[in-house]
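As stored in target.cif (mmCIF, C-alpha atoms):
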data_query
loop_
_atom_site.label_atom_id
_atom_site.label_comp_id
_atom_site.auth_asym_id
_atom_site.auth_seq_id
_atom_site.Cartn_x
_atom_site.Cartn_y
_atom_site.Cartn_z
CA MET W 1 17.22 55.77 -1.29
CA LEU W 2 14.19 53.55 -0.89
CA ASP W 3 11.14 55.34 0.50
CA LEU W 4 9.79 52.88 3.07
CA GLY W 5 6.76 55.02 3.68
CA THR W 6 5.42 54.72 0.16
CA THR W 7 6.20 51.06 -0.59
CA THR W 8 3.60 48.35 -0.16
CA GLY W 9 4.55 45.04 1.34
CA ILE W 10 3.80 41.57 -0.01
CA PRO W 11 0.23 40.57 0.81
CA ALA W 12 0.41 38.27 3.83
CA LEU W 13 -2.01 35.92 5.55
CA GLU W 14 -3.39 37.26 8.77
CA ILE W 15 -2.32 35.34 11.85
CA ALA W 16 -5.94 34.63 12.85
CA THR W 17 -6.75 33.21 9.42
CA LEU W 18 -3.54 31.18 9.45
CA MET W 19 -4.34 29.69 12.85
CA GLY W 20 -7.83 28.81 11.62
CA VAL W 21 -6.41 26.93 8.64
CA VAL W 22 -3.96 25.12 10.92
CA MET W 23 -6.79 24.08 13.25
CA GLN W 24 -8.81 22.72 10.33
CA PHE W 25 -5.76 20.87 9.01
CA MET W 26 -5.06 19.29 12.38
CA LEU W 27 -8.68 18.21 12.68
CA ALA W 28 -8.61 16.61 9.24
CA MET W 29 -5.32 14.87 10.03
CA LEU W 30 -6.55 13.27 13.26
CA ARG W 31 -8.59 10.56 11.56
CA ILE W 32 -5.80 9.61 9.16
CA GLY W 33 -3.13 9.75 11.87
CA ALA W 34 -5.14 7.55 14.24
CA PHE W 35 -5.73 5.06 11.44
CA LEU W 36 -2.03 4.90 10.55
CA ILE W 37 -1.15 4.21 14.20
CA ALA W 38 -3.76 1.47 14.76
CA SER W 39 -3.70 -0.28 11.36
CA PRO W 40 -1.45 -3.18 10.35
CA LEU W 41 1.68 -2.47 8.29
CA PHE W 42 1.34 1.31 8.70
CA GLY W 43 1.30 1.06 12.50
CA ALA W 44 4.11 -1.47 12.87
CA ARG W 45 7.03 -0.59 15.12
CA TYR W 46 9.51 -0.76 12.28
CA VAL W 47 7.76 2.18 10.58
CA PRO W 48 9.34 5.38 12.00
CA VAL W 49 7.08 7.94 13.62
CA GLN W 50 8.40 10.58 11.23
CA VAL W 51 7.18 8.54 8.26
CA ARG W 52 3.69 8.26 9.77
CA ILE W 53 3.52 12.00 10.42
CA VAL W 54 4.60 12.86 6.88
CA ALA W 55 2.19 10.29 5.41
CA ALA W 56 -0.70 11.66 7.50
CA ALA W 57 0.10 15.23 6.46
CA VAL W 58 0.34 14.34 2.77
CA LEU W 59 -2.92 12.37 2.81
CA THR W 60 -4.66 15.26 4.57
CA LEU W 61 -3.91 17.75 1.79
CA PRO W 62 -6.64 16.52 -0.61
CA VAL W 63 -9.11 16.30 2.27
CA MET W 64 -8.83 20.04 2.89
CA SER W 65 -9.93 20.83 -0.66
CA LEU W 66 -12.63 18.18 -1.05
CA VAL W 67 -14.45 18.13 2.29
CA PRO W 68 -16.14 21.06 4.03
CA MET W 69 -14.48 21.72 7.38
CA PRO W 70 -16.04 23.19 10.53
CA ASP W 71 -15.69 26.90 11.18
CA PRO W 72 -12.31 27.78 12.74
CA MET W 73 -14.00 29.84 15.45
CA ALA W 74 -15.96 26.78 16.57
CA LEU W 75 -12.75 24.71 16.75
CA ALA W 76 -11.17 27.21 19.15
CA THR W 77 -13.71 26.56 21.91
CA LEU W 78 -14.16 23.72 24.38
CA SER W 79 -17.22 22.57 22.47
CA ALA W 80 -14.84 21.29 19.77
CA VAL W 81 -13.33 18.64 22.07
CA PRO W 82 -16.01 16.02 21.15
CA ILE W 83 -15.31 16.72 17.47
CA PHE W 84 -11.59 15.98 17.90
CA LEU W 85 -12.30 12.87 19.98
CA THR W 86 -14.78 11.63 17.38
CA GLU W 87 -12.18 11.92 14.63
CA LEU W 88 -9.69 9.97 16.73
CA PHE W 89 -12.31 7.32 17.43
CA ILE W 90 -13.20 6.88 13.75
CA GLY W 91 -9.60 6.51 12.61
CA ALA W 92 -8.52 4.25 15.47
CA SER W 93 -11.62 2.05 15.10
CA ALA W 94 -11.03 1.57 11.37
CA GLY W 95 -7.40 0.65 12.00
CA MET W 96 -8.29 -1.74 14.81
CA ILE W 97 -10.94 -3.51 12.71
CA LEU W 98 -8.34 -4.06 10.00
CA SER W 99 -5.75 -5.24 12.55
CA ILE W 100 -8.20 -7.66 14.16
CA LEU W 101 -9.07 -9.27 10.84
CA PHE W 102 -5.42 -9.47 9.79
CA GLY W 103 -4.72 -11.21 13.10
CA ALA W 104 -6.29 -14.34 11.59
CA ALA W 105 -2.99 -15.06 9.82
CA ALA W 106 -1.00 -14.93 13.07
CA LEU W 107 -3.66 -17.04 14.79
CA ALA W 108 -3.45 -19.72 12.10
CA GLY W 109 0.35 -19.76 12.17
CA ASP W 110 0.42 -20.00 15.97
CA ARG W 111 -1.95 -22.97 16.05
CA ILE W 112 -0.08 -24.77 13.28
CA ALA W 113 3.23 -24.22 15.07
CA ASN W 114 1.89 -25.62 18.35
CA THR W 115 0.29 -28.62 16.63
CA ALA W 116 3.54 -29.42 14.81
CA GLY W 117 5.64 -29.05 17.95
CA LEU W 118 7.26 -25.82 16.75
CA GLY W 119 5.69 -23.60 19.38
CA LEU W 120 9.05 -23.19 21.14
CA ALA W 121 10.66 -21.80 17.96
CA THR W 122 9.91 -18.15 18.72
CA GLN W 123 11.57 -14.84 18.01
CA VAL W 124 10.82 -11.18 18.54
CA ASP W 125 7.97 -9.94 16.35
CA PRO W 126 9.10 -6.59 14.85
CA SER W 127 5.48 -5.47 14.48
CA PHE W 128 4.49 -5.73 18.14
CA GLY W 129 7.74 -6.39 19.99
CA GLY W 130 6.60 -9.65 21.65
CA GLN W 131 7.72 -13.25 21.28
CA THR W 132 5.68 -15.12 18.66
CA PRO W 133 6.24 -18.42 16.84
CA VAL W 134 8.22 -18.19 13.62
CA VAL W 135 5.40 -19.83 11.65
CA ALA W 136 2.99 -17.12 12.83
CA GLN W 137 5.42 -14.42 11.66
CA ILE W 138 5.77 -16.14 8.29
CA PHE W 139 1.99 -16.16 7.89
CA THR W 140 1.79 -12.48 8.85
CA LEU W 141 4.52 -11.49 6.41
CA PHE W 142 2.85 -13.59 3.72
CA LEU W 143 -0.43 -11.78 4.32
CA LEU W 144 1.26 -8.37 4.14
CA ALA W 145 3.03 -9.37 0.92
CA VAL W 146 -0.27 -10.38 -0.68
CA PHE W 147 -1.86 -7.19 0.69
CA LEU W 148 0.78 -4.99 -0.93
CA GLY W 149 0.99 -7.07 -4.11
CA GLU W 150 -2.74 -6.72 -4.74
CA ASP W 151 -2.67 -2.95 -4.01
CA GLY W 152 -4.73 -3.44 -0.89
CA HIS W 153 -3.02 -0.46 0.78
CA LEU W 154 -4.28 1.81 -2.00
CA GLU W 155 -7.79 0.44 -1.57
CA VAL W 156 -7.62 1.09 2.18
CA ILE W 157 -6.55 4.69 1.55
CA ARG W 158 -9.43 5.12 -0.91
CA ILE W 159 -11.92 3.81 1.68
CA LEU W 160 -10.45 6.16 4.27
CA MET W 161 -10.75 9.12 1.90
CA ASP W 162 -14.36 8.16 1.12
CA SER W 163 -15.09 8.14 4.84
CA TYR W 164 -14.62 11.92 4.86
CA ARG W 165 -17.35 12.20 2.26
CA ILE W 166 -19.65 9.87 4.20
CA LEU W 167 -18.77 11.31 7.62
CA PRO W 168 -17.42 14.86 7.26
CA PRO W 169 -15.53 16.23 10.29
CA GLY W 170 -17.99 17.60 12.80
CA THR W 171 -20.74 15.10 11.99
CA VAL W 172 -22.64 13.63 14.93
CA LEU W 173 -21.48 10.02 15.09
CA SER W 174 -23.46 6.91 15.90
CA PHE W 175 -21.03 4.76 17.91
CA GLY W 176 -23.16 1.62 17.93
CA PRO W 177 -22.41 0.39 14.38
CA ILE W 178 -18.65 0.85 14.86
CA LEU W 179 -18.62 -0.99 18.19
CA TRP W 180 -20.69 -3.81 16.73
CA ALA W 181 -18.37 -3.94 13.70
CA GLY W 182 -15.46 -4.54 16.08
CA VAL W 183 -17.31 -7.42 17.75
CA GLU W 184 -18.13 -8.95 14.37
CA ALA W 185 -14.51 -8.51 13.27
CA GLY W 186 -13.39 -10.61 16.25
CA GLY W 187 -15.71 -13.45 15.25
CA ALA W 188 -14.64 -13.16 11.61
CA MET W 189 -10.99 -13.35 12.69
CA PHE W 190 -11.49 -16.72 14.40
CA MET W 191 -13.47 -18.04 11.45
CA ALA W 192 -10.85 -16.93 8.92
CA GLY W 193 -8.04 -18.33 11.08
CA PHE W 194 -9.88 -21.64 11.34
CA LYS W 195 -10.17 -21.82 7.53
CA LEU W 196 -6.46 -21.10 7.08
CA LEU W 197 -5.19 -23.60 9.64
CA MET W 198 -7.67 -26.45 9.23
CA PRO W 199 -6.09 -28.21 6.18
CA VAL W 200 -2.64 -28.40 7.78
CA VAL W 201 -3.90 -29.21 11.28
CA ALA W 202 -6.19 -31.98 9.95
CA VAL W 203 -3.28 -33.70 8.21
CA LEU W 204 -1.08 -33.31 11.30
CA LEU W 205 -3.83 -34.84 13.45
CA LEU W 206 -3.97 -37.89 11.19
CA LEU W 207 -0.16 -38.05 11.24
CA ASN W 208 -0.12 -38.01 15.05
CA LEU W 209 -2.63 -40.88 15.07
CA VAL W 210 -0.40 -42.88 12.74
CA ILE W 211 2.69 -42.15 14.86
CA GLY W 212 0.75 -43.19 17.97
CA VAL W 213 -0.26 -46.50 16.39
CA ILE W 214 3.33 -47.18 15.26
CA THR W 215 4.89 -46.41 18.62
CA ARG W 216 2.21 -48.51 20.32
CA SER W 217 2.93 -51.51 18.13
CA ALA W 218 6.70 -51.01 18.32
CA PRO W 219 7.51 -49.64 21.82
CA GLN W 220 11.25 -49.79 21.12
CA LEU W 221 10.87 -46.81 18.74
CA ASN W 222 11.58 -43.49 20.43
CA ILE W 223 8.68 -41.14 19.74
CA PHE W 224 10.92 -38.08 19.94
CA SER W 225 13.57 -39.38 17.54
CA PHE W 226 10.97 -40.78 15.14
CA GLY W 227 7.82 -38.69 15.38
CA PHE W 228 9.19 -35.18 15.80
CA PRO W 229 11.38 -35.10 12.63
CA LEU W 230 8.57 -36.71 10.63
CA THR W 231 6.07 -34.12 11.88
CA MET W 232 8.39 -31.26 11.00
CA MET W 233 9.04 -32.60 7.49
CA VAL W 234 5.34 -33.11 6.82
CA THR W 235 4.52 -29.61 8.14
CA ILE W 236 7.13 -27.93 5.94
CA GLY W 237 5.97 -29.97 2.95
CA LEU W 238 2.33 -29.05 3.55
CA LEU W 239 3.16 -25.35 3.85
CA PHE W 240 5.23 -25.48 0.68
CA LEU W 241 2.66 -27.36 -1.38
CA GLY W 242 -0.25 -25.41 0.03
CA ALA W 243 1.25 -21.95 -0.53
CA PRO W 244 -0.91 -21.19 -3.62
CA VAL W 245 -4.10 -22.21 -1.79
CA LEU W 246 -2.97 -20.26 1.27
CA ALA W 247 -2.44 -17.18 -0.92
CA ASP W 248 -6.03 -17.49 -2.17
CA GLY W 249 -7.23 -17.68 1.43
CA MET W 250 -5.18 -14.61 2.33
CA LEU W 251 -6.64 -12.75 -0.64
CA ALA W 252 -10.16 -13.65 0.47
CA LEU W 253 -9.33 -12.41 3.98
CA ILE W 254 -8.07 -9.10 2.59
CA GLN W 255 -11.18 -8.65 0.48
CA GLU W 256 -13.43 -9.41 3.44
CA SER W 257 -11.52 -6.86 5.54
CA LEU W 258 -11.97 -4.15 2.91
CA ASP W 259 -15.65 -4.98 2.53
CA ARG W 260 -16.18 -4.78 6.29
CA LEU W 261 -14.53 -1.37 6.44
CA THR W 262 -16.79 -0.09 3.67
CA VAL W 263 -19.92 -1.52 5.29
CA THR W 264 -18.91 -0.08 8.67
CA PHE W 265 -18.70 3.48 7.39
CA GLY W 266 -21.95 3.03 5.48
CA GLY W 267 -23.67 1.68 8.58
CA VAL W 268 -22.48 4.62 10.66
CA ASN W 269 -23.86 7.01 8.05
CA ASP W 270 -27.21 5.19 8.00
CA GLY W 271 -27.30 5.19 11.79
#

Translate the structure of the given file into structure tokens.
Amino acid sequence: MLDLGTTTGIPALEIATLMGVVMQFMLAMLRIGAFLIASPLFGARYVPVQVRIVAAAVLTLPVMSLVPMPDPMALATLSAVPIFLTELFIGASAGMILSILFGAAALAGDRIANTAGLGLATQVDPSFGGQTPVVAQIFTLFLLAVFLGEDGHLEVIRILMDSYRILPPGTVLSFGPILWAGVEAGGAMFMAGFKLLMPVVAVLLLLNLVIGVITRSAPQLNIFSFGFPLTMMVTIGLLFLGAPVLADGMLALIQESLDRLTVTFGGVNDG
């Protein structure tokens, strides 16, 4: 018979040590999880919550081995609450900055749709759940396609991983640069949206002037039966012919977004 008194068991991890590792892992995962919730594409409603949790856990694994983590005993006290809130703030702010800048595509599509008379052609946006013009959704999907095609998601993950080296968990954070980066991102969104919509809107404005002159000189022409189909055909033709130029503008927007994320983390570190 087996002598249970003389056998040695398999070396196990003490429960206190295990809980300390779990606390450090949860702390490291907060920044990535908050970013995945607030960022475009990753935070869309059509991405299941289970996928975000698994992605956050997988991305946290290299962080545990590359970045020094706070002492587990310090994380078990109330003094660790600001540390956890800071990690949430960093991740959510980075995701929101990226979402704000990517909103330029939806802004451009919305303005083009309203100028062309297609503002009533709306459907449910799967990303946010609201009613948005179809043209705005096409612009958003186009931007995401360019973002994935140019490996922008990998670049975003690299910037997020570098943020742990610049701002290790537990670092005292300067909130000013991040808040100012959000304000600047709002202004950059309107500027980028203006650049994307201006070529199409300028042509549509000239077209509306021509239609107005024609209907003024020939009152028997019905503006709805004559001008609306012409406006739609010109809009579709402009979007088709301008797709390569629009892709270049989307690529420039993506690059500017990545640069702003990098500068934001660097500014926080300098602050």

Selection dump of the PyMOL selection byres ((chain W and resi 117) around 10), as a CSV table (one decimal) with C-alpha atoms, in the frame of the given file:
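The resulting file, part_2.csv, is shown below:
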chain,number,residue,atom,x,y,z
W,111,ARG,CA,-2.0,-23.0,16.0
W,112,ILE,CA,-0.1,-24.8,13.3
W,113,ALA,CA,3.2,-24.2,15.1
W,114,ASN,CA,1.9,-25.6,18.4
W,115,THR,CA,0.3,-28.6,16.6
W,116,ALA,CA,3.5,-29.4,14.8
W,118,LEU,CA,7.3,-25.8,16.8
W,119,GLY,CA,5.7,-23.6,19.4
W,120,LEU,CA,9.0,-23.2,21.1
W,121,ALA,CA,10.7,-21.8,18.0
W,228,PHE,CA,9.2,-35.2,15.8
W,229,PRO,CA,11.4,-35.1,12.6
W,231,THR,CA,6.1,-34.1,11.9
W,232,MET,CA,8.4,-31.3,11.0
W,235,THR,CA,4.5,-29.6,8.1

query: Got a sec to resolve the PyMOL selection byres ((chain W and resi 183) around 12) on this structure and send the residues as a list of chain:residue names?
result: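 When the PyMOL selection byres ((chain W and resi 183) around 12) is applied, the selected residues are W:Ser93, W:Met96, W:Ile97, W:Ile100, W:Leu101, W:Gly176, W:Pro177, W:Ile178, W:Leu179, W:Trp180, W:Ala181, W:Gly182, W:Glu184, W:Ala185, W:Gly186, W:Gly187, W:Ala188, W:Met189, W:Phe190, W:Arg260, W:Thr264.
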
The selected residues should be written to file as a PDB file, in the coordinates of the input (atoms: C-alpha atoms).
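Once written, result_13.pdb looks like this:
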ATOM      1  CA  SER W  93     -11.620   2.050  15.100  1.00  0.00           C
ATOM      2  CA  MET W  96      -8.290  -1.740  14.810  1.00  0.00           C
ATOM      3  CA  ILE W  97     -10.940  -3.510  12.710  1.00  0.00           C
ATOM      4  CA  ILE W 100      -8.200  -7.660  14.160  1.00  0.00           C
ATOM      5  CA  LEU W 101      -9.070  -9.270  10.840  1.00  0.00           C
ATOM      6  CA  GLY W 176     -23.160   1.620  17.930  1.00  0.00           C
ATOM      7  CA  PRO W 177     -22.410   0.390  14.380  1.00  0.00           C
ATOM      8  CA  ILE W 178     -18.650   0.850  14.860  1.00  0.00           C
ATOM      9  CA  LEU W 179     -18.620  -0.990  18.190  1.00  0.00           C
ATOM     10  CA  TRP W 180     -20.690  -3.810  16.730  1.00  0.00           C
ATOM     11  CA  ALA W 181     -18.370  -3.940  13.700  1.00  0.00           C
ATOM     12  CA  GLY W 182     -15.460  -4.540  16.080  1.00  0.00           C
ATOM     13  CA  GLU W 184     -18.130  -8.950  14.370  1.00  0.00           C
ATOM     14  CA  ALA W 185     -14.510  -8.510  13.270  1.00  0.00           C
ATOM     15  CA  GLY W 186     -13.390 -10.610  16.250  1.00  0.00           C
ATOM     16  CA  GLY W 187     -15.710 -13.450  15.250  1.00  0.00           C
ATOM     17  CA  ALA W 188     -14.640 -13.160  11.610  1.00  0.00           C
ATOM     18  CA  MET W 189     -10.990 -13.350  12.690  1.00  0.00           C
ATOM     19  CA  PHE W 190     -11.490 -16.720  14.400  1.00  0.00           C
ATOM     20  CA  ARG W 260     -16.180  -4.780   6.290  1.00  0.00           C
ATOM     21  CA  THR W 264     -18.910  -0.080   8.670  1.00  0.00           C
TER      22      THR W 264
END

task: Run the PyMOL selection byres ((chain W and resi 84) around 9) against the file shown and list the residues it catches, as JSON, numbers by chain.
output: {"W": [27, 30, 31, 75, 80, 81, 82, 83, 85, 86, 87, 88, 89, 169, 170]}

message: Measuring between only C-alpha atoms, which one of W:Val245, W:Leu98, W:Leu251, W:Leu78 shows the shortest distance to Ile159 in chain W?
response: W:Leu98

- prompt: With only C-alpha atoms as the basis for distance, which of W:Gly242, W:Gly227, W:Gly249, W:Gly237 is at the shortest distance from Phe194 in chain W?
  reply: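 Comparing W:Gly242, W:Gly227, W:Gly249, W:Gly237 against Phe194 in chain W, the winner is W:Gly249.
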
Determine the axis-aligned bounding box of all atoms of range 58-68 of chain W present in the file, pad each side by 3 Å, and express its centre and edge lengths in Å to one decimal place as lines of an AutoDock Vina configuration file.
center_x = -7.9
center_y = 16.7
center_z = 1.8
size_x = 22.5
size_y = 14.7
size_z = 11.6

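With distances restricted to all atoms listed in the file, W:Ala108 is the closest residue to Val201 in chain W from W:Leu66, W:Ala108, W:Ala94, W:Met233.
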
Counting only C-alpha atoms, the residue of W:Leu261, W:Leu41, W:Ala252, W:Ala74 that sits nearest Gly91 in chain W: W:Leu261

- prompt: Taking all atoms listed in the file into account, which of W:Val134, W:Val172, W:Leu143, W:Met198 comes nearest Gly103 in chain W?
  reply: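 Of all the options, W:Leu143 lies closest to Gly103 in chain W.
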
Spatial sel., origin (1.0, 11.3, 9.8), limit 10 Å, only C-alpha atoms, listed as a ChimeraX atom specification: /W:29-37,49-60

task: Measure the distance from CA of Gly43 in chain W to CA of Gly95 in chain W in Å and round it to one decimal.
output: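 These atoms are spaced 8.7 Å apart.
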
- request: May I ask for the distance between CA of Pro168 in chain W and CA of Leu61 in chain W, given in Å to one decimal place?
  value: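 It comes out at 14.9 Å.
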
- prompt: In Å, with one decimal, what is the gap from CA of Pro133 in chain W to CA of Leu107 in chain W?
  reply: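 These two atoms are separated by 10.2 Å.
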
query: When distances are computed from only C-alpha atoms, which of W:Val67, W:Leu253, W:Val135, W:Ala92 shows the smallest separation from Met191 in chain W?
result: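 Residue with the minimum atom-to-atom distance to Met191 in chain W: W:Leu253.
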
- prompt: Which protein, DNA or RNA residues are at most 12 Å from (-15.1, 30.4, 16.6) in the file's coordinates when you count all atoms listed in the file, listed as a PyMOL selection string?
  reply: chain W and resi 16-17+19-20+23-24+70-80

Mind completing range 16-37 of chain W with N, CA and C atoms? Output as a tab-separated table (two decimals), in the coordinates of the input, please?
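File result.tsv, as written:
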chain	number	residue	atom	x	y	z
W	16	ALA	N	-4.71	35.30	12.43
W	16	ALA	CA	-5.94	34.63	12.85
W	16	ALA	C	-6.42	33.66	11.78
W	17	THR	N	-6.34	34.10	10.52
W	17	THR	CA	-6.75	33.21	9.42
W	17	THR	C	-5.81	32.02	9.32
W	18	LEU	N	-4.51	32.26	9.50
W	18	LEU	CA	-3.54	31.18	9.45
W	18	LEU	C	-3.79	30.14	10.54
W	19	MET	N	-4.07	30.61	11.76
W	19	MET	CA	-4.34	29.69	12.85
W	19	MET	C	-5.62	28.89	12.60
W	20	GLY	N	-6.60	29.53	11.96
W	20	GLY	CA	-7.83	28.81	11.62
W	20	GLY	C	-7.58	27.69	10.64
W	21	VAL	N	-6.75	27.96	9.62
W	21	VAL	CA	-6.41	26.93	8.64
W	21	VAL	C	-5.64	25.79	9.30
W	22	VAL	N	-4.73	26.14	10.22
W	22	VAL	CA	-3.96	25.12	10.92
W	22	VAL	C	-4.87	24.24	11.77
W	23	MET	N	-5.85	24.85	12.44
W	23	MET	CA	-6.79	24.08	13.25
W	23	MET	C	-7.61	23.12	12.39
W	24	GLN	N	-8.07	23.59	11.24
W	24	GLN	CA	-8.81	22.72	10.33
W	24	GLN	C	-7.94	21.60	9.81
W	25	PHE	N	-6.68	21.90	9.51
W	25	PHE	CA	-5.76	20.87	9.01
W	25	PHE	C	-5.50	19.82	10.07
W	26	MET	N	-5.29	20.25	11.30
W	26	MET	CA	-5.06	19.29	12.38
W	26	MET	C	-6.28	18.41	12.62
W	27	LEU	N	-7.46	19.00	12.51
W	27	LEU	CA	-8.68	18.21	12.68
W	27	LEU	C	-8.80	17.16	11.59
W	28	ALA	N	-8.52	17.56	10.35
W	28	ALA	CA	-8.61	16.61	9.24
W	28	ALA	C	-7.56	15.52	9.33
W	29	MET	N	-6.41	15.84	9.96
W	29	MET	CA	-5.32	14.87	10.03
W	29	MET	C	-5.50	13.86	11.16
W	30	LEU	N	-6.38	14.17	12.12
W	30	LEU	CA	-6.55	13.27	13.26
W	30	LEU	C	-7.04	11.90	12.84
W	31	ARG	N	-8.04	11.85	11.96
W	31	ARG	CA	-8.59	10.56	11.56
W	31	ARG	C	-7.55	9.72	10.83
W	32	ILE	N	-6.82	10.35	9.92
W	32	ILE	CA	-5.80	9.61	9.16
W	32	ILE	C	-4.67	9.20	10.07
W	33	GLY	N	-4.23	10.09	10.96
W	33	GLY	CA	-3.13	9.75	11.87
W	33	GLY	C	-3.49	8.61	12.81
W	34	ALA	N	-4.71	8.64	13.35
W	34	ALA	CA	-5.14	7.55	14.24
W	34	ALA	C	-5.22	6.23	13.49
W	35	PHE	N	-5.66	6.29	12.24
W	35	PHE	CA	-5.73	5.06	11.44
W	35	PHE	C	-4.34	4.50	11.18
W	36	LEU	N	-3.39	5.36	10.84
W	36	LEU	CA	-2.03	4.90	10.55
W	36	LEU	C	-1.38	4.29	11.79
W	37	ILE	N	-1.73	4.76	12.97
W	37	ILE	CA	-1.15	4.21	14.20
W	37	ILE	C	-1.75	2.85	14.53
